[in-house]
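Participant: Dumping the structure here so I can ask a few things about it.
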Amino acid sequence: MAKTTETYDVPRGAAYLTSQQVILYATYFVFYVILARVLTPLEVGLVAVLGLAQALFAGVTSGSLPSAATRFISRSIGAGDPYAAGGVARTILRMSFAFALPGLAVAGLLSPFLGGFIRGASDATSLLLVTFAASFFLDIVNIYTAFFQGVGRYGLTVYQNVVYALLSRGLGLALAYVGFRVLGIVAGWAIAGVTTIFLSLYLWRGRLPKGGSYPVRPLIAFSMPVFASTLIIVGQQWGDIGIIYALLGPAILGPYYVVVSSVSFLSALWAPVNQAIYPALSASHSTGDTKAVSEKLAVAFRLTNLAVLPIGAALAAITPTALDIVYGPKYASQTLTLSVLSLASVFTAQGALLVTTLQAVGRTRQYLGVTLASTVIYLVIVGLGAIPIGTLAGAIGRAVLAISIVALARRSLHNTVSTNTSAAMFKAIPLAAAVAIPIFVVDLYFLTYRPLRLRAIYQFVILLGIFVVTYAAASRQLKVFHHRDFAILHGALPTRLQPYLRMIQRLVISDKS
């Protein structure tokens with residue numbers, strides 16, 4: 001058990017992946033801010049449709065292979081058999097090429113036909129060909145990401161993902177700006193994918209001994225239900241995009257896509273924990289230690305609830321000002337949509353951790369049932385509501401989707417592990433109210449009276465200051481955090497960052513905690 005804990009250091013892994021997410025979402029945030037100014041709303045809608053095509057290709061050709069790679073590599077290492085882990089990596093890589101290469105060929109042949117369904121594009125076939133090539137490269141990158149997670153080398157996934165994000169977004173915007181427009185965006189995806197593959201090959205050298213082929217049957221047995229769930233998850237992430245595009249058109253889809261993509265920066269608060277905890281949960285469960293699984297989940301849900309709910313509520317309270325600053329008045333129609341998505345983020349975070357747990361403990365059939373049932377509900381809501389209430393139907397559908405996943409996943413795990421989804425929620429709710437209500441009142445005052453004709457950016461700085469003060473004061477008053485919470489972080493963060501952590505600790509923890 002000690003060896004497993006050392007290999008899969010969840011706090012340190014979460015710290016690495018948190019730094020990654022900060023960089024990635026800062027990159028994505030800047031990308032969408034500039035994208036909304038470089039391209040028209042209709043062209044932004046076309047980018048969304050091509051993103052949907054990329055996700056569908058990846059779902060069909062890659063599917064559950066990354067998840068299988070992480071799970072079986074970590075199980076083999078947890079069992080003390082690195083040669084078996086090497087065999088898993090070798091077999092998974094071969095399977096990936098066996099699926100992805102024929103998929104790329106078929107997609108290329110179908111591109112002229114599929115291009116007829118893309119409205120508003122002057123050369124839809126070329127856009128699709130470049131998009132499918134970019135998807136193929138990203139499939140290979142994701143396989144190596146799964147390998148690094150499987151061996152507990154979380155820091156190497158940071159290099160991969162940061163290089164890909166900076167290149168794909170930065171180069172794509174540069175090409176779009178000089179005249180390639182939407183084609184420049186997808187060309188950036190493809191060039192970044194090739195570059196990241198070469199980086200991944202370099203970083204992977206010597207990480208595992210060269211094992212023989214691993215038996216394919218257990219990989220397939222695990223992968224098939226997860227593969228179906230992966231396709232369903234593509235529907236969860238892109239179903240509303242497709243429905244809104246089909247019913248309302250790309251010009252309306254563009255602003256909605258930008259808002260949905262922007263609010264996803266909140267996942268930086270929980271995605272690192274999910275990625276770091278998955279192999280650790282898998283390794284603990286493989287030894288029969290369900291108590292360790294429950295304890296890890298309790299810590300994860302406590303920190304997630306205390307971080308996501310207050311920040312999501314605060315963002316929901318100031319959406320008019322936030323949209324005005326970031327995208328300008330033409331995106332003001334998405335104010336209520338952004339508020340709903342922000343408030344629902346706590347359920348999204350809980351659901352993501354629960355489905356990660358289902359995979360880690362091998363409950364793949366239950367995982368399939370949870371994702372299928374919740375997705376059907378979500379798609380029906382969006383389909384019925386898109387015409388009468390517009391893009392708000394997408395936000396409501398995503399909120400119901402998240403709540404459904406939480407309810408169904410908890411039920412599926414009831415007899416396996418204690419999920420502890422409500423950990424610290426009795427403190428997270430008053431903390432969220434304490435930070436959201438003051439900034440909502442102040443923002444409403446700004447919007448109503450415009451004192452001294454303050455520019456929106458100055459209003460935002462004032463609101464941010466109020467958030468920091470109220471969050472710190474409420475945390476101290478409610479005794480939300482404890483010294484042991486920061487003890488975990490002190491052991492995970494580099495020495496040069498620890499003075500800043502101690503400063504935050506003094507702000508949010510009272511001396512009596």
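All residue names refer to the structure tokens as shown: chains lettered A, B, ... in order, residues numbered from 1 in each chain, ligands numbered from 1 in order.
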Near segment 436-444 of chain A, counting only C-alpha atoms, which residues have an atom at most 10 Å away, once you skip same-chain residues fewer than 6 positions from it, shown as a list of chain:residue names?
Facilitator: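 Within the cut-off, the hits are A:Pro310, A:Ile311, A:Gly312, A:Ala313, A:Ala314, A:Leu315, A:Ala316, A:Ala317, A:Ile318, A:Thr319, A:Pro320, A:Thr321, A:Pro430, A:Arg450, A:Gln459, A:Phe460, A:Ile462, A:Leu463, A:Leu464, A:Gly465, A:Ile466, A:Phe467, A:Thr470, A:Tyr471.
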Participant: Point out the residue among A:Ala133, A:Leu208, A:Ser122, A:Ser96 with the least atom-to-atom distance to Gly108 of chain A, counting only C-alpha atoms.
Facilitator: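 That would be A:Ala133, the residue with the smallest distance to Gly108 of chain A.
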Participant: Report as a tab-separated table: every residue of segment 68-133 of chain A with an atom at most 12 Å from segment 232-245 of chain A, its closest pair of atoms, and their distance in Å to one decimal, counting only C-alpha atoms, with rows sorted by chain and ascending residue number.
Facilitator:
residue	atom	partner	partner_atom	distance
A:Phe117	CA	A:Tyr245	CA	10.7
A:Ile118	CA	A:Tyr245	CA	9.7
A:Arg119	CA	A:Tyr245	CA	9.4
A:Gly120	CA	A:Tyr245	CA	11.5
Participant: Those residues you just picked out, can you put them in a file as a PDB file, in the first residue's frame with C-alpha atoms?
Facilitator:
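As written to disk, part_36.pdb reads:
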ATOM      1  CA  PHE A 117     -24.407  19.533 -44.084  1.00  0.00           C
ATOM      2  CA  ILE A 118     -22.193  22.458 -43.019  1.00  0.00           C
ATOM      3  CA  ARG A 119     -24.026  25.700 -43.682  1.00  0.00           C
ATOM      4  CA  GLY A 120     -22.189  28.957 -44.250  1.00  0.00           C
TER       5      GLY A 120
END
Participant: Taking 4 positions as the minimum chain separation for residues in the same chain, which residues sit within 7 Å of segment 261-269 of chain A when counting only C-alpha atoms? Answer as a ChimeraX atom specification.
Facilitator: /A:18,21-22,25,29,257,304,307-308,342
Participant: Residues of the last selection are to be written out with N, CA and C atoms, as a JSON list (two decimals), in the first residue's frame.
Facilitator:
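Below you can see again-v9.json, which holds the result:
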[["chain", "number", "residue", "atom", "x", "y", "z"],
["A", 18, "THR", "N", -3.29, 20.85, -11.55],
["A", 18, "THR", "CA", -3.90, 22.16, -11.32],
["A", 18, "THR", "C", -3.11, 23.24, -12.05],
["A", 21, "GLN", "N", -4.03, 23.00, -15.59],
["A", 21, "GLN", "CA", -5.34, 23.53, -15.90],
["A", 21, "GLN", "C", -5.35, 25.05, -15.87],
["A", 22, "VAL", "N", -4.60, 25.65, -14.95],
["A", 22, "VAL", "CA", -4.51, 27.11, -14.91],
["A", 22, "VAL", "C", -3.96, 27.64, -16.23],
["A", 25, "TYR", "N", -6.60, 26.81, -19.19],
["A", 25, "TYR", "CA", -7.80, 27.61, -19.24],
["A", 25, "TYR", "C", -7.51, 29.09, -19.39],
["A", 29, "PHE", "N", -9.20, 30.86, -22.41],
["A", 29, "PHE", "CA", -9.92, 32.10, -22.16],
["A", 29, "PHE", "C", -9.47, 33.18, -23.13],
["A", 257, "TYR", "N", -21.80, 28.83, -28.05],
["A", 257, "TYR", "CA", -20.59, 27.99, -27.99],
["A", 257, "TYR", "C", -19.48, 28.69, -27.22],
["A", 304, "THR", "N", -13.58, 19.83, -3.48],
["A", 304, "THR", "CA", -14.33, 20.24, -4.67],
["A", 304, "THR", "C", -15.53, 21.09, -4.30],
["A", 307, "ALA", "N", -14.60, 24.62, -3.13],
["A", 307, "ALA", "CA", -14.04, 25.50, -4.16],
["A", 307, "ALA", "C", -15.06, 25.84, -5.24],
["A", 308, "VAL", "N", -15.78, 24.83, -5.74],
["A", 308, "VAL", "CA", -16.60, 25.03, -6.93],
["A", 308, "VAL", "C", -17.88, 25.81, -6.63],
["A", 342, "SER", "N", -23.07, 28.32, -14.58],
["A", 342, "SER", "CA", -22.17, 28.55, -13.45],
["A", 342, "SER", "C", -22.71, 27.91, -12.17]]
Participant: Kindly indicate which residue among A:Thr91, A:Thr357, A:Gln20, A:Thr27 lies nearest to Arg217 of chain A, using only C-alpha atoms for the distances.
Facilitator: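 Among A:Thr91, A:Thr357, A:Gln20, A:Thr27, it is A:Thr91 that comes nearest to Arg217 of chain A.
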Participant: Show me, as number ranges by chain, the residues that have an atom within 9 Å of Ala134 of chain A when counting only C-alpha atoms, minus same-chain residues fewer than 3 positions from it.
Facilitator: A: 54, 129-131, 137-139, 186-194
Participant: My list of candidates is A:Lys210, A:Arg398, A:Arg302, A:Arg363. Which is closest to His482 of chain A when distances are computed with only C-alpha atoms?
Facilitator: A:Arg302
Participant: Rounded to one decimal in Å, what is the spacing between atom CA of Val258 of chain A and atom CA of Val376 of chain A?
Facilitator: 24.1 Å
Participant: Using only C-alpha atoms, which residues sit within 8 Å of Val340 of chain A once same-chain residues fewer than 6 positions away are excluded, as a PyMOL selection string?
Facilitator: chain A and resi 316+395-396+399
Participant: Could the residues in this selection be written to a file with all heavy atoms, as a PDB file, in the first residue's frame?
Facilitator:
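Output below, filename out_35.pdb:
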ATOM      1  N   ALA A 316     -22.044  33.455 -11.330  1.00  0.00           N
ATOM      2  CA  ALA A 316     -23.451  33.594 -11.707  1.00  0.00           C
ATOM      3  C   ALA A 316     -24.014  34.949 -11.294  1.00  0.00           C
ATOM      4  O   ALA A 316     -24.922  35.481 -11.948  1.00  0.00           O
ATOM      5  CB  ALA A 316     -24.270  32.465 -11.077  1.00  0.00           C
ATOM      6  N   ALA A 395     -28.475  25.357 -21.655  1.00  0.00           N
ATOM      7  CA  ALA A 395     -27.971  25.500 -20.285  1.00  0.00           C
ATOM      8  C   ALA A 395     -28.804  24.689 -19.308  1.00  0.00           C
ATOM      9  O   ALA A 395     -28.266  24.010 -18.420  1.00  0.00           O
ATOM     10  CB  ALA A 395     -27.963  26.971 -19.888  1.00  0.00           C
ATOM     11  N   ILE A 396     -30.127  24.744 -19.454  1.00  0.00           N
ATOM     12  CA  ILE A 396     -31.006  23.967 -18.565  1.00  0.00           C
ATOM     13  C   ILE A 396     -30.757  22.477 -18.772  1.00  0.00           C
ATOM     14  O   ILE A 396     -30.696  21.693 -17.802  1.00  0.00           O
ATOM     15  CB  ILE A 396     -32.481  24.317 -18.828  1.00  0.00           C
ATOM     16  CG1 ILE A 396     -32.754  25.781 -18.427  1.00  0.00           C
ATOM     17  CG2 ILE A 396     -33.406  23.374 -18.059  1.00  0.00           C
ATOM     18  CD1 ILE A 396     -34.136  26.262 -18.800  1.00  0.00           C
ATOM     19  N   ALA A 399     -27.625  21.464 -16.976  1.00  0.00           N
ATOM     20  CA  ALA A 399     -27.822  21.419 -15.530  1.00  0.00           C
ATOM     21  C   ALA A 399     -28.547  20.130 -15.121  1.00  0.00           C
ATOM     22  O   ALA A 399     -28.149  19.449 -14.159  1.00  0.00           O
ATOM     23  CB  ALA A 399     -28.616  22.640 -15.066  1.00  0.00           C
TER      24      ALA A 399
END
Participant: Using only C-alpha atoms for the distances, tell me which of A:Ser62, A:Ser213, A:Gln160, A:Asn415 is nearest to Phe198 of chain A.
Facilitator: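 Nearest to Phe198 of chain A: A:Gln160.
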Participant: With distances taken over only C-alpha atoms, which of A:Ser374, A:Ser19, A:Ser135, A:Thr70 is nearest to Phe147 of chain A?
Facilitator: A:Thr70
